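Colleague: Contents of data.cif (mmCIF, C-alpha atoms and all ligand atoms):
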```cif
data_data
#
loop_
_atom_site.label_atom_id
_atom_site.label_comp_id
_atom_site.auth_asym_id
_atom_site.auth_seq_id
_atom_site.Cartn_x
_atom_site.Cartn_y
_atom_site.Cartn_z
CA MET A 250 73.27 131.32 -37.08
CA LYS A 251 73.17 127.82 -38.53
CA GLU A 252 72.54 127.42 -42.24
CA LYS A 253 68.87 127.71 -43.20
CA ILE A 254 67.01 124.54 -44.09
CA TRP A 255 63.99 125.25 -46.28
CA ILE A 256 60.90 123.11 -46.51
CA SER A 257 61.05 122.40 -50.27
CA PRO A 258 63.45 124.59 -52.25
CA PRO A 259 64.02 124.29 -56.02
CA HIS A 260 66.62 121.66 -56.95
CA LEU A 261 68.20 122.28 -60.34
CA SER A 262 70.04 119.59 -62.29
CA GLY A 263 72.61 121.85 -63.94
CA ASN A 264 71.38 120.98 -67.41
CA GLU A 265 68.65 123.66 -67.47
CA ILE A 266 71.01 126.22 -69.00
CA ASN A 267 71.52 124.13 -72.14
CA PHE A 268 67.83 123.97 -72.99
CA VAL A 269 67.37 127.65 -72.13
CA LYS A 270 70.37 128.58 -74.27
CA ASP A 271 68.90 126.60 -77.16
CA ALA A 272 65.70 128.68 -76.95
CA LEU A 273 67.68 131.91 -76.88
CA ASP A 274 70.04 130.85 -79.69
CA LYS A 275 67.13 129.93 -81.94
CA ASN A 276 65.19 133.06 -80.95
CA TRP A 277 62.16 130.94 -80.00
CA ILE A 278 61.42 132.81 -76.82
CA THR A 279 57.62 132.99 -76.69
CA THR A 280 55.06 130.22 -76.28
CA GLN A 281 56.07 128.01 -79.20
CA GLY A 282 59.22 126.02 -79.88
CA ASP A 283 61.12 122.79 -79.32
CA ASN A 284 61.22 123.10 -75.55
CA VAL A 285 57.43 123.44 -75.29
CA THR A 286 56.72 120.45 -77.54
CA GLY A 287 59.60 118.46 -76.01
CA PHE A 288 58.46 119.16 -72.46
CA GLU A 289 54.91 118.11 -73.32
CA GLN A 290 56.21 114.85 -74.82
CA ASP A 291 58.42 114.19 -71.78
CA ILE A 292 55.42 114.61 -69.47
CA GLN A 293 53.21 112.34 -71.60
CA LEU A 294 55.86 109.64 -71.72
CA TYR A 295 56.37 109.79 -67.96
CA VAL A 296 52.70 109.86 -66.93
CA GLY A 297 51.89 107.17 -69.51
CA GLY A 298 48.51 105.90 -70.66
CA LYS A 299 46.73 107.86 -73.36
CA GLU A 300 47.23 111.17 -71.64
CA GLN A 301 48.26 114.15 -73.71
CA ALA A 302 49.78 117.20 -72.03
CA VAL A 303 49.35 120.93 -72.59
CA VAL A 304 51.84 123.07 -70.67
CA VAL A 305 50.67 126.43 -69.33
CA ASN A 306 51.98 129.25 -67.16
CA SER A 307 50.75 127.86 -63.82
CA GLY A 308 48.88 125.02 -62.16
CA THR A 309 46.16 127.50 -61.25
CA SER A 310 45.72 128.42 -64.95
CA ALA A 311 45.49 124.71 -65.81
CA LEU A 312 42.77 124.26 -63.17
CA HIS A 313 40.86 127.27 -64.51
CA LEU A 314 40.99 125.89 -68.08
CA ALA A 315 39.95 122.45 -66.82
CA MET A 316 36.82 123.86 -65.15
CA ILE A 317 35.86 125.65 -68.36
CA LEU A 318 36.46 122.53 -70.49
CA LEU A 319 34.36 120.42 -68.11
CA GLY A 320 31.50 122.83 -68.64
CA VAL A 321 31.41 124.63 -65.29
CA GLU A 322 29.37 127.80 -65.52
CA LYS A 323 28.22 130.54 -63.19
CA GLU A 324 26.27 129.21 -60.16
CA ASP A 325 27.05 125.56 -60.94
CA VAL A 326 28.08 123.39 -58.00
CA VAL A 327 31.64 122.04 -57.92
CA ILE A 328 32.52 119.53 -55.23
CA CYS A 329 35.98 120.27 -53.81
CA GLN A 330 38.41 118.59 -51.46
CA ASP A 331 38.37 120.73 -48.33
CA LEU A 332 41.93 120.08 -47.14
CA THR A 333 44.11 121.62 -49.86
CA PHE A 334 46.00 124.67 -51.00
CA VAL A 335 43.65 127.51 -51.97
CA ALA A 336 44.61 127.31 -55.67
CA THR A 337 42.43 124.19 -55.97
CA ILE A 338 39.36 126.32 -55.23
CA ASP A 339 40.18 129.77 -56.61
CA PRO A 340 39.33 128.86 -60.25
CA VAL A 341 35.83 127.79 -59.12
CA MET A 342 35.41 131.36 -57.86
CA TYR A 343 36.83 132.91 -61.08
CA ILE A 344 33.88 131.32 -62.88
CA GLY A 345 31.34 132.36 -60.25
CA ALA A 346 30.47 128.73 -59.49
CA GLU A 347 29.69 127.43 -56.00
CA PRO A 348 32.30 125.27 -54.24
CA VAL A 349 30.92 122.62 -51.89
CA MET A 350 33.63 121.43 -49.50
CA VAL A 351 34.07 117.77 -48.60
CA GLY A 352 36.27 116.80 -45.66
CA SER A 353 39.07 114.24 -45.33
CA GLU A 354 39.17 110.55 -44.56
CA PRO A 355 41.88 109.54 -42.06
CA ALA A 356 43.88 107.03 -44.15
CA THR A 357 45.15 109.28 -46.97
CA TRP A 358 43.97 112.67 -45.58
CA ASN A 359 42.23 113.27 -48.93
CA ILE A 360 38.53 113.63 -49.83
CA SER A 361 36.27 111.19 -47.97
CA PRO A 362 34.27 109.00 -50.38
CA VAL A 363 31.52 108.69 -47.73
CA TYR A 364 31.00 112.44 -47.38
CA LEU A 365 31.52 112.90 -51.11
CA GLU A 366 28.45 110.78 -51.78
CA GLU A 367 26.50 112.53 -49.01
CA ALA A 368 27.35 115.92 -50.55
CA ILE A 369 26.29 114.80 -54.04
CA GLN A 370 22.96 113.46 -52.79
CA SER A 371 22.26 116.59 -50.83
CA CYS A 372 23.09 118.84 -53.82
CA ILE A 373 20.82 116.74 -56.05
CA GLN A 374 18.03 117.07 -53.49
CA ARG A 375 18.18 120.84 -53.69
CA GLY A 376 18.08 120.62 -57.50
CA LYS A 377 21.78 121.31 -58.09
CA LYS A 378 23.55 118.25 -59.39
CA PRO A 379 27.30 118.93 -59.15
CA LYS A 380 29.09 119.56 -62.46
CA VAL A 381 32.55 118.44 -61.39
CA ILE A 382 34.29 116.68 -58.50
CA ILE A 383 37.79 117.92 -57.81
CA TRP A 384 40.10 115.88 -55.62
CA VAL A 385 43.73 116.33 -54.58
CA ASN A 386 46.54 113.85 -53.87
CA LEU A 387 47.76 115.78 -50.86
CA TYR A 388 51.51 116.03 -50.20
CA GLY A 389 51.88 113.36 -52.89
CA MET A 390 49.58 110.78 -51.28
CA PRO A 391 47.07 109.35 -53.76
CA ALA A 392 43.45 109.67 -52.63
CA GLN A 393 40.98 106.74 -52.49
CA ILE A 394 40.86 107.01 -56.26
CA GLN A 395 38.86 103.87 -57.08
CA ALA A 396 36.10 104.79 -54.63
CA ILE A 397 36.00 108.35 -55.99
CA ARG A 398 35.76 107.07 -59.57
CA ASP A 399 32.97 104.64 -58.67
CA ILE A 400 30.93 107.47 -57.17
CA ALA A 401 31.59 109.78 -60.13
CA GLN A 402 30.48 107.04 -62.50
CA LYS A 403 27.36 106.23 -60.48
CA TYR A 404 26.18 109.84 -60.57
CA GLU A 405 27.72 110.66 -63.97
CA ILE A 406 29.82 113.58 -62.77
CA ALA A 407 33.13 114.64 -64.36
CA LEU A 408 36.36 114.21 -62.39
CA LEU A 409 39.16 116.73 -62.11
CA GLU A 410 42.39 115.49 -60.51
CA ASP A 411 44.54 118.14 -58.86
CA ALA A 412 47.88 116.32 -59.13
CA ALA A 413 49.92 119.48 -58.47
CA GLU A 414 51.68 117.79 -55.54
CA SER A 415 51.73 114.22 -56.85
CA LEU A 416 53.81 114.03 -60.03
CA GLY A 417 55.69 110.74 -59.60
CA SER A 418 53.07 109.18 -57.32
CA SER A 419 50.88 106.34 -58.51
CA TYR A 420 47.75 104.45 -57.57
CA ALA A 421 47.12 100.81 -58.53
CA GLY A 422 50.17 100.96 -60.79
CA LYS A 423 48.98 103.99 -62.78
CA LYS A 424 50.58 107.41 -62.34
CA CYS A 425 48.83 110.32 -60.69
CA GLY A 426 48.03 112.83 -63.40
CA ALA A 427 46.32 110.10 -65.45
CA TRP A 428 43.25 109.53 -63.27
CA GLY A 429 40.92 112.45 -63.98
CA ASP A 430 38.80 113.22 -67.02
CA ILE A 431 41.25 116.09 -66.80
CA SER A 432 44.29 116.17 -64.49
CA VAL A 433 46.50 119.09 -63.56
CA LEU A 434 50.18 119.42 -62.61
CA SER A 435 52.16 122.34 -61.16
CA PHE A 436 55.80 123.27 -61.67
CA ASN A 437 55.88 126.03 -59.08
CA GLY A 438 59.20 126.56 -57.27
CA ASN A 439 58.31 124.37 -54.27
CA LYS A 440 57.02 121.34 -56.21
CA ILE A 441 58.88 118.08 -56.89
CA ILE A 442 60.20 119.56 -60.13
CA THR A 443 59.98 123.19 -61.13
CA THR A 444 60.13 125.51 -64.12
CA SER A 445 60.19 128.52 -61.73
CA GLY A 446 56.45 128.75 -62.35
CA GLY A 447 54.26 126.67 -64.62
CA GLY A 448 51.68 123.96 -64.94
CA ALA A 449 50.18 121.37 -67.24
CA LEU A 450 46.76 120.07 -68.14
CA LEU A 451 46.47 116.38 -69.05
CA SER A 452 43.67 114.45 -70.66
CA ALA A 453 43.15 111.30 -72.71
CA ASP A 454 40.37 113.13 -74.60
CA PRO A 455 41.89 114.83 -77.68
CA GLU A 456 39.00 117.28 -77.80
CA TYR A 457 39.80 118.63 -74.32
CA VAL A 458 43.44 118.88 -75.34
CA ARG A 459 42.67 120.77 -78.54
CA LYS A 460 40.34 123.17 -76.72
CA ALA A 461 42.85 123.71 -73.91
CA ARG A 462 45.48 124.86 -76.45
CA PHE A 463 42.91 127.08 -78.16
CA LEU A 464 41.71 128.74 -74.94
CA ALA A 465 45.23 129.13 -73.52
CA SER A 466 46.30 131.14 -76.58
CA GLN A 467 43.53 133.77 -76.76
CA ALA A 468 40.90 131.60 -78.54
CA ARG A 469 41.83 132.67 -82.03
CA ASP A 470 39.64 131.31 -84.83
CA GLU A 471 41.17 129.89 -88.00
CA ALA A 472 41.19 132.96 -90.23
CA PRO A 473 43.88 135.09 -91.88
CA TRP A 474 43.02 137.92 -89.49
CA TYR A 475 42.54 137.92 -85.73
CA GLN A 476 39.00 136.68 -85.33
CA HIS A 477 37.42 135.55 -82.07
CA SER A 478 34.09 133.88 -81.40
CA GLN A 479 34.92 132.97 -77.80
CA ILE A 480 36.71 134.52 -74.84
CA GLY A 481 40.25 133.20 -74.47
CA TYR A 482 43.13 133.43 -72.02
CA ASN A 483 46.85 134.19 -72.21
CA TYR A 484 47.97 131.10 -70.29
CA GLY A 485 50.72 129.65 -72.51
CA MET A 486 54.12 128.60 -71.19
CA SER A 487 57.23 130.36 -72.50
CA ASN A 488 59.64 128.22 -74.53
CA ILE A 489 62.45 129.53 -72.28
CA ILE A 490 60.73 128.31 -69.13
CA ALA A 491 59.83 125.00 -70.81
CA GLY A 492 63.58 124.46 -71.27
CA ILE A 493 63.97 124.39 -67.48
CA GLY A 494 61.18 121.81 -67.41
CA ARG A 495 62.91 119.56 -69.93
CA ALA A 496 66.06 119.40 -67.81
CA GLN A 497 63.97 118.80 -64.69
CA MET A 498 62.14 115.89 -66.34
CA GLN A 499 65.52 114.19 -66.86
CA VAL A 500 65.99 113.99 -63.08
CA LEU A 501 62.38 113.44 -61.98
CA PRO A 502 62.83 109.72 -61.15
CA GLN A 503 65.82 110.65 -58.94
CA ARG A 504 63.83 113.43 -57.29
CA VAL A 505 61.10 110.94 -56.36
CA GLU A 506 63.70 108.56 -54.92
CA GLN A 507 65.34 111.37 -52.95
CA ARG A 508 62.04 112.52 -51.43
CA ARG A 509 61.10 108.96 -50.54
CA ARG A 510 64.52 108.50 -49.00
CA ASN A 511 63.96 111.57 -46.77
CA ASN A 512 60.67 110.03 -45.70
CA ALA A 513 62.34 106.70 -44.87
CA PHE A 514 65.04 108.51 -42.89
CA TYR A 515 62.46 110.38 -40.80
CA ARG A 516 60.64 107.11 -40.15
CA THR A 517 63.72 105.27 -38.92
CA GLN A 518 64.55 108.15 -36.56
CA LEU A 519 61.09 109.10 -35.30
CA SER A 520 58.81 106.08 -35.62
CA ASP A 521 58.89 104.88 -32.02
CA ILE A 522 58.00 108.24 -30.51
CA ASP A 523 54.67 108.27 -28.65
CA GLY A 524 52.21 110.76 -30.10
CA LEU A 525 53.99 111.16 -33.44
CA ARG A 526 52.43 109.61 -36.56
CA PHE A 527 53.27 109.87 -40.27
CA GLN A 528 51.05 110.31 -43.30
CA THR A 529 51.42 106.76 -44.57
CA GLU A 530 50.53 104.74 -47.67
CA PRO A 531 47.52 102.68 -46.53
CA SER A 532 48.33 99.69 -48.79
CA PRO A 533 50.72 98.74 -51.61
CA GLU A 534 48.25 100.20 -54.14
CA PHE A 535 49.23 103.66 -52.92
CA TYR A 536 52.65 104.97 -53.94
CA SER A 537 53.43 108.50 -52.77
CA ASN A 538 56.24 110.67 -54.13
CA TYR A 539 56.35 111.96 -50.53
CA TRP A 540 56.64 115.46 -51.92
CA LEU A 541 56.43 116.60 -48.29
CA THR A 542 56.90 114.34 -45.29
CA CYS A 543 54.08 115.17 -42.87
CA VAL A 544 53.58 114.13 -39.27
CA LEU A 545 50.81 114.48 -36.68
CA ILE A 546 51.68 115.46 -33.13
CA ASP A 547 49.03 114.42 -30.62
CA PRO A 548 49.58 116.48 -27.45
CA GLY A 549 47.45 113.98 -25.52
CA LYS A 550 50.21 111.43 -26.05
CA THR A 551 53.34 113.61 -26.03
CA GLY A 552 52.88 114.92 -22.50
CA GLY A 553 51.42 118.17 -23.83
CA ILE A 554 54.02 118.98 -26.49
CA THR A 555 52.21 120.42 -29.50
CA ARG A 556 52.87 120.78 -33.20
CA ASP A 557 53.63 124.45 -32.62
CA ASP A 558 56.19 123.68 -29.92
CA ILE A 559 58.07 121.59 -32.48
CA ARG A 560 57.64 124.15 -35.23
CA LYS A 561 59.08 126.87 -32.97
CA ALA A 562 61.97 124.67 -31.81
CA LEU A 563 62.86 124.01 -35.46
CA GLU A 564 62.56 127.72 -36.25
CA GLU A 565 65.04 128.53 -33.49
CA GLU A 566 67.51 126.25 -35.25
CA ASN A 567 66.85 128.06 -38.56
CA ILE A 568 64.82 125.12 -39.91
CA GLU A 569 61.60 125.82 -41.80
CA SER A 570 58.53 123.66 -41.16
CA ARG A 571 54.86 124.42 -41.69
CA PRO A 572 51.41 123.45 -40.41
CA LEU A 573 49.28 121.45 -42.86
CA TRP A 574 47.03 123.43 -45.21
CA LYS A 575 44.28 125.19 -43.28
CA PRO A 576 40.98 123.57 -44.37
CA MET A 577 38.99 125.61 -46.86
CA HIS A 578 35.77 125.65 -44.79
CA LEU A 579 37.76 127.44 -42.06
CA GLN A 580 39.02 130.14 -44.45
CA PRO A 581 37.29 133.51 -43.99
CA VAL A 582 36.78 133.81 -47.76
CA PHE A 583 34.91 130.46 -47.95
CA ALA A 584 33.01 130.71 -44.66
CA HIS A 585 29.69 130.83 -46.55
CA CYS A 586 30.29 127.54 -48.41
CA ALA A 587 28.54 124.25 -47.67
CA TYR A 588 30.68 121.60 -45.92
CA TYR A 589 30.23 117.84 -45.56
CA GLY A 590 32.50 115.84 -43.29
CA ASP A 591 33.30 114.77 -39.74
CA ARG A 592 36.03 117.33 -38.96
CA THR A 593 38.87 114.86 -39.58
CA GLU A 594 40.70 117.58 -41.52
CA GLU A 595 40.31 120.01 -38.61
CA GLU A 596 42.19 117.58 -36.39
CA LEU A 597 44.81 117.08 -39.11
CA PHE A 598 45.22 120.85 -39.29
CA GLN A 599 45.54 121.12 -35.49
CA GLN A 600 48.19 118.41 -35.24
CA GLY A 601 49.89 118.31 -38.63
CA LEU A 602 53.37 119.53 -39.49
CA CYS A 603 55.17 119.43 -42.86
CA LEU A 604 58.87 118.73 -42.35
CA PRO A 605 61.72 119.86 -44.61
CA SER A 606 61.51 117.55 -47.62
CA GLY A 607 63.70 118.99 -50.38
CA SER A 608 65.40 116.50 -52.67
CA ALA A 609 68.82 118.06 -51.96
CA LEU A 610 68.73 117.46 -48.17
CA THR A 611 71.87 115.76 -46.88
CA ASP A 612 72.14 113.16 -44.12
CA ASN A 613 73.61 115.91 -41.95
CA ASP A 614 70.57 118.13 -42.58
CA LEU A 615 68.19 115.29 -41.78
CA GLN A 616 70.15 114.48 -38.63
CA ARG A 617 69.99 118.13 -37.56
CA ILE A 618 66.20 118.17 -38.05
CA THR A 619 65.46 114.88 -36.31
CA GLU A 620 67.68 115.83 -33.34
CA VAL A 621 65.54 118.93 -32.69
CA ILE A 622 62.32 116.90 -32.90
CA LYS A 623 63.66 114.18 -30.63
CA ASN A 624 64.84 116.76 -28.10
CA CYS A 625 61.29 118.10 -27.94
CA LEU A 626 59.58 114.76 -27.61
CA ILE A 627 61.85 112.34 -25.81
CA LYS A 628 62.14 112.91 -22.10
CA LYS A 629 65.67 112.50 -20.85
C1 LIG A 701 50.82 124.29 -56.03
C2 LIG A 701 49.41 123.86 -56.06
C3 LIG A 701 48.50 124.37 -57.00
C4 LIG A 701 48.78 125.57 -57.86
O1 LIG A 701 49.80 125.52 -58.71
P1 LIG A 701 50.53 126.87 -59.19
O2 LIG A 701 51.43 126.33 -60.27
O3 LIG A 701 51.28 127.41 -58.02
O4 LIG A 701 49.51 127.80 -59.73
C5 LIG A 701 47.22 123.83 -57.04
N1 LIG A 701 46.85 122.88 -56.20
C6 LIG A 701 47.66 122.36 -55.26
C7 LIG A 701 47.17 121.29 -54.37
C8 LIG A 701 48.97 122.85 -55.14
O5 LIG A 701 49.77 122.37 -54.20
#
```
Output the file's structure as structure tokens, nothing else.
Ligand SMILES: *Cc1c(COP(=O)(O)O)cnc(C)c1O
Modeller:
Amino acid sequence: MKEKIWISPPHLSGNEINFVKDALDKNWITTQGDNVTGFEQDIQLYVGGKEQAVVVNSGTSALHLAMILLGVEKEDVVICQDLTFVATIDPVMYIGAEPVMVGSEPATWNISPVYLEEAIQSCIQRGKKPKVIIWVNLYGMPAQIQAIRDIAQKYEIALLEDAAESLGSSYAGKKCGAWGDISVLSFNGNKIITTSGGGALLSADPEYVRKARFLASQARDEAPWYQHSQIGYNYGMSNIIAGIGRAQMQVLPQRVEQRRRNNAFYRTQLSDIDGLRFQTEPSPEFYSNYWLTCVLIDPGKTGGITRDDIRKALEEENIESRPLWKPMHLQPVFAHCAYYGDRTEEELFQQGLCLPSGSALTDNDLQRITEVIKNCLIKK
């Protein structure tokens, strides 16, 4: 059996051990210490602007805190990007709020500004003005951020940016992670950098930042004893884990370059194939970290070869690939939710495939992968 190629495995720098050892040597092994504060500073410096960062134990926790900070309560409406990983939506359900799904636009595959506005108007008409709009920069590709912000401003609705997949991407020269009233990152094992598991909440509003720290550490009042006037959460990040993050931040610019290089390699090898299209930056304003390189396979133009034919051919060669996220309005658990869109994301889901995109892929690996795809699609 040939060596396994994974879709996006962790890629350590080798320096993680030194930061972890420092935490152990100093006996700062819980949720405070130099690694936590250092990691937060590293993130702030990298994302830029006025953003301040609070690191937590997962991206999902950061999203949950963000919803609470933005004032989402039971039965409120939250507008959500429909094509995403389920963790974008789960925190809406933790609160007992109502997610309203908005479909994709074809250029970036992210939330459609047209259907976003339609959804807002329709919610207002039934007396339920949305509390928050949550969008995603899918697979690293920035959404139509300016259009989304214009709509949010027009209707005075708060914006939550799920930048879990887009650390290192930017839009109009400003980094993803700095575009929401609150933005969220993930350091899960498959992301562009990892702490094994972890996340961060970013905001330029110091009040959100202060409250996020407070809520993430059990909402303890200032008193000599343990006093609580609010419900809190145990969402802090361990100082040991944060050490892994510090070492990963040192190589983040390289990781972005490596992922973009994979993407360029795939394009040079596969661009002229009929029926195969890439997720592509629509204009120079959009800069994707190309966390995952994704393609669409249109069986109408490939002589009937489907996405699944390619996925299975790769699997036979011990190469992992994966369909795009299944849209939320097609998930059994969200079948009851309202949906606005034109089914663009359903077509993306039917045709879309995420290719191996790890930052440690070699030219040989990439060659192996593209050979299999070409063998499926190019008639000899
Ligand atoms: C990974 C991911 C998350 C969740 O992050 P975790 O750190 O795994 O909890 C949220 N949203 C999107 C779009 C993701 O890809």
Colleague: Could you tell me, as a PyMOL selection string, which residues have any atom at most 9 Å from (57.3, 130.6, -62.5), counting only C-alpha atoms?
Modeller: chain A and resi 306-307+436-438+443-447+490
Colleague: Can you work out which one of A:Ile627, A:Leu563, A:Leu408, A:Ala315 has the shortest atom-to-atom distance to A:Gln518, counting only C-alpha atoms?
Modeller: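 Selected residue with least distance to A:Gln518: A:Ile627.
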Colleague: Considering only C-alpha atoms and all ligand atoms, tabulate each residue of chain A that lies at most 7 Å from ligand LIG 701 (chain A) along with its nearest interatomic pair and the corresponding distance in Å to one decimal; arrange the rows by chain and ascending residue number and present them as a tab-separated table.
Modeller:
```
residue	atom	partner	partner_atom	distance
A:Ser307	CA	A:LIG701	O2	3.9
A:Gly308	CA	A:LIG701	O2	3.4
A:Thr309	CA	A:LIG701	O4	3.7
A:Ser310	CA	A:LIG701	O4	6.5
A:Thr333	CA	A:LIG701	C7	5.5
A:Phe334	CA	A:LIG701	C7	4.9
A:Ala336	CA	A:LIG701	C5	4.6
A:Thr337	CA	A:LIG701	N1	4.6
A:Val385	CA	A:LIG701	C7	6.0
A:Leu387	CA	A:LIG701	C7	6.6
A:Asp411	CA	A:LIG701	N1	5.9
A:Ala412	CA	A:LIG701	C7	6.9
A:Ala413	CA	A:LIG701	C8	4.8
A:Glu414	CA	A:LIG701	O5	5.1
A:Ser435	CA	A:LIG701	O2	4.2
A:Phe436	CA	A:LIG701	O2	5.5
A:Asn437	CA	A:LIG701	O2	4.6
A:Lys440	CA	A:LIG701	C1	6.9
A:Gly446	CA	A:LIG701	O2	5.9
A:Gly447	CA	A:LIG701	O2	5.2
A:Gly448	CA	A:LIG701	O2	5.2
```
Colleague: Looking at A:Lys323, A:Arg495, A:Arg526, A:Arg398, which one is nearest to A:Gly263, with distances taken over only C-alpha atoms?
Modeller: A:Arg495
Colleague: Can you work out which one of A:Met390, A:Ile442, A:Asp470, A:Ile369 has the shortest atom-to-atom distance to A:Gly494, counting only C-alpha atoms?
Modeller: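 Once distances to A:Gly494 are computed over only C-alpha atoms, the minimum belongs to A:Ile442.
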Colleague: Considering all atoms listed in the file, return as a ChimeraX atom specification whatever protein or nucleic-acid residues lie within 9 Å of A:Asp454, sequence-local ones (same chain, fewer than 4 positions apart) excluded.
Modeller: /A:299-301,430-431,458-459
Colleague: Tell me which of A:Glu456, A:Asn284, A:Ile317, A:Pro502 sits closest to A:Ile480, counting only C-alpha atoms.
Modeller: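 With only C-alpha atoms as the atom set, the closest residue is A:Ile317.
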Colleague: Quick one: residues within 6 Å of stretch 607-617 of chain A, only C-alpha atoms, excluding same-chain residues fewer than 6 positions away - as a list in words?
Modeller: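 Final neighbour list, sorted by chain and number: Ser257, Pro258, Arg504, Gln507 and Arg508 of chain A.
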Colleague: How many Å lie between atom CA of A:Ser478 and atom CA of A:Leu464, rounded to one decimal?
Modeller: 11.2 Å
